[in-house]
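Undergrad: My structure file my_file35.cif, mmCIF, C-alpha atoms, is below:
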```
data_model
#
loop_
_atom_site.label_atom_id
_atom_site.label_comp_id
_atom_site.auth_asym_id
_atom_site.auth_seq_id
_atom_site.Cartn_x
_atom_site.Cartn_y
_atom_site.Cartn_z
CA MET A 21 0.00 0.00 0.00
CA ALA A 22 2.83 2.40 0.77
CA LYS A 23 4.35 1.74 -2.63
CA ASN A 24 1.13 2.78 -4.39
CA SER A 25 0.82 6.00 -2.38
CA LEU A 26 4.46 6.78 -3.23
CA ARG A 27 3.62 6.48 -6.93
CA ARG A 28 0.66 8.82 -6.56
CA SER A 29 2.74 11.34 -4.66
CA ASN A 30 5.46 11.12 -7.31
CA TRP A 31 2.90 11.62 -10.09
CA ARG A 32 1.37 14.61 -8.28
CA GLN A 33 4.79 16.21 -8.19
CA ARG A 34 5.23 15.55 -11.90
CA GLY A 35 1.78 16.92 -12.60
CA MET A 36 2.65 20.11 -10.76
CA MET A 37 5.89 20.29 -12.75
CA ILE A 38 3.91 19.99 -16.01
CA ASP A 39 1.55 22.73 -14.84
CA THR A 40 4.52 24.96 -14.02
CA MET A 41 6.01 24.27 -17.46
CA ASN A 42 2.69 25.22 -19.06
CA ILE A 43 2.61 28.51 -17.15
CA VAL A 44 6.17 29.37 -18.21
CA ILE A 45 5.44 28.43 -21.83
CA CYS A 46 2.24 30.51 -21.81
CA ILE A 47 4.19 33.52 -20.59
CA ALA A 48 6.78 32.95 -23.34
CA VAL A 49 4.01 32.76 -25.97
CA ILE A 50 2.48 36.00 -24.69
CA VAL A 51 5.86 37.76 -24.77
CA ALA A 52 6.50 36.53 -28.32
CA GLY A 53 3.04 37.73 -29.33
CA ILE A 54 3.75 41.16 -27.89
CA PHE A 55 6.95 41.33 -29.93
CA LEU A 56 4.89 40.48 -33.01
CA LEU A 57 2.42 43.23 -32.23
CA ILE A 58 5.22 45.77 -31.87
CA ASN A 59 6.84 45.10 -35.22
CA HIS A 60 5.75 42.04 -37.18
CA LYS A 61 8.25 42.49 -40.01
CA LYS A 62 11.27 42.72 -37.72
CA TYR A 63 10.20 39.84 -35.46
CA MET A 64 8.77 37.55 -38.13
CA LEU A 65 10.78 34.63 -36.71
CA MET A 66 8.48 34.70 -33.68
CA PHE A 67 5.71 32.94 -35.66
CA PRO A 68 7.50 29.57 -35.72
CA VAL A 69 8.55 30.09 -32.10
CA ILE A 70 4.95 30.62 -31.02
CA PHE A 71 3.74 27.56 -32.91
CA PHE A 72 6.58 25.43 -31.53
CA LEU A 73 5.97 26.53 -27.94
CA SER A 74 2.26 25.84 -28.36
CA ALA A 75 3.07 22.36 -29.67
CA ILE A 76 5.23 21.68 -26.62
CA MET A 77 2.47 22.95 -24.36
CA ASN A 78 -0.12 20.65 -25.98
CA ALA A 79 2.25 17.68 -25.79
CA CYS A 80 2.79 18.27 -22.06
CA LEU A 81 -0.95 18.51 -21.56
CA GLY A 82 -1.40 15.28 -23.54
CA ILE A 83 1.07 13.48 -21.27
CA LYS A 84 -0.76 14.73 -18.22
CA LYS A 85 -4.14 13.65 -19.61
CA TYR A 86 -2.69 10.23 -20.47
CA LYS A 87 -1.54 9.72 -16.90
CA MET A 88 -4.98 10.81 -15.67
CA ASP A 89 -6.59 8.13 -17.91
CA GLU A 90 -8.45 10.68 -20.02
CA TYR A 91 -7.59 9.10 -23.35
CA SER A 92 -9.86 11.12 -25.63
CA ALA A 93 -8.44 14.41 -24.32
CA CYS A 94 -4.96 12.91 -24.66
CA ILE A 95 -5.51 12.04 -28.32
CA ILE A 96 -6.90 15.50 -29.08
CA SER A 97 -3.92 17.15 -27.37
CA PHE A 98 -1.41 15.06 -29.30
CA ILE A 99 -3.19 15.74 -32.60
CA ALA A 100 -3.10 19.47 -31.84
CA ALA A 101 0.60 19.18 -30.94
CA ALA A 102 1.34 17.43 -34.23
CA ALA A 103 -0.62 20.03 -36.20
CA LEU A 104 1.17 22.90 -34.44
CA SER A 105 4.54 21.23 -35.05
CA GLY A 106 3.71 21.02 -38.75
CA LEU A 107 2.61 24.64 -38.74
CA SER A 108 5.85 25.60 -37.00
CA ILE A 109 7.96 23.87 -39.64
CA PHE A 110 5.87 25.35 -42.45
CA SER A 111 6.10 28.89 -41.04
CA LEU A 112 9.85 28.50 -40.52
CA ILE A 113 10.26 27.56 -44.18
CA VAL A 114 8.13 30.52 -45.24
CA VAL A 115 10.00 32.98 -43.01
CA LEU A 116 13.44 31.83 -44.14
#
```
Now that the file is in, can you turn its structure into structure tokens?
TA:
Amino acid sequence: MAKNSLRRSNWRQRGMMIDTMNIVICIAVIVAGIFLLINHKKYMLMFPVIFFLSAIMNACLGIKKYKMDEYSACIISFIAAAALSGLSIFSLIVVL
């Protein structure tokens, strides 16, 4: 029984770490968006950065949902992460 509670405690810590990562990534996306609003021609490279950070954020959320046994939300998060990764690569090609 103690082993199972240790696993739950360990997963709660990981879940909090994923939430913290999502907060940091959200702040980074907002900062990149502000740079784009200031001067979109000068900071055009921020488009792929925003898409890539959003893909990472969705992948982290998908991992969390997988561990919480919410498989439909997990699949949707991973599909969104794959789509945003593709959009990031496409926008990087367009920008360069």
Undergrad: Would you mind listing what lies within 12 Å of range 34-41 of chain A as JSON, numbers by chain, with all atoms listed in the file counted and same-chain residues fewer than 4 positions away left out?
TA: {"A": [27, 28, 29, 30, 45, 46, 47, 48, 73, 74, 76, 77, 78, 79, 80, 81, 82, 83, 84, 85, 86, 87, 88]}
Undergrad: Spell out the residues picked by the PyMOL selection byres ((chain A and resi 52) around 9) here, as a list in words.
TA: Ile47, Ala48, Val49, Ile50, Val51, Gly53, Ile54, Phe55, Leu56, Leu57, Tyr63, Met66, Phe67, Val69 and Ile70 of chain A
Undergrad: Keeping C-alpha atoms for every residue in the selection just given, could you write it to a file as a PDB file, in the coordinates of the input?
TA:
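Final output, again-v2.pdb:
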```pdb
ATOM      1  CA  ILE A  47       4.190  33.520 -20.590  1.00  0.00           C
ATOM      2  CA  ALA A  48       6.780  32.950 -23.340  1.00  0.00           C
ATOM      3  CA  VAL A  49       4.010  32.760 -25.970  1.00  0.00           C
ATOM      4  CA  ILE A  50       2.480  36.000 -24.690  1.00  0.00           C
ATOM      5  CA  VAL A  51       5.860  37.760 -24.770  1.00  0.00           C
ATOM      6  CA  GLY A  53       3.040  37.730 -29.330  1.00  0.00           C
ATOM      7  CA  ILE A  54       3.750  41.160 -27.890  1.00  0.00           C
ATOM      8  CA  PHE A  55       6.950  41.330 -29.930  1.00  0.00           C
ATOM      9  CA  LEU A  56       4.890  40.480 -33.010  1.00  0.00           C
ATOM     10  CA  LEU A  57       2.420  43.230 -32.230  1.00  0.00           C
ATOM     11  CA  TYR A  63      10.200  39.840 -35.460  1.00  0.00           C
ATOM     12  CA  MET A  66       8.480  34.700 -33.680  1.00  0.00           C
ATOM     13  CA  PHE A  67       5.710  32.940 -35.660  1.00  0.00           C
ATOM     14  CA  VAL A  69       8.550  30.090 -32.100  1.00  0.00           C
ATOM     15  CA  ILE A  70       4.950  30.620 -31.020  1.00  0.00           C
TER      16      ILE A  70
END
```
Undergrad: Sort by chain and increasing residue number a table of all residues of range 21-95 of chain A within 6 Å of range 105-112 of chain A, each with its closest pair of atoms and their distance in Å to one decimal, counting only C-alpha atoms, and write it as a tab-separated table.
TA:
```
residue	atom	partner	partner_atom	distance
A:Pro68	CA	A:Ser108	CA	4.5
A:Phe71	CA	A:Ser108	CA	5.0
A:Phe72	CA	A:Ser108	CA	5.5
A:Ala75	CA	A:Ser105	CA	5.7
```
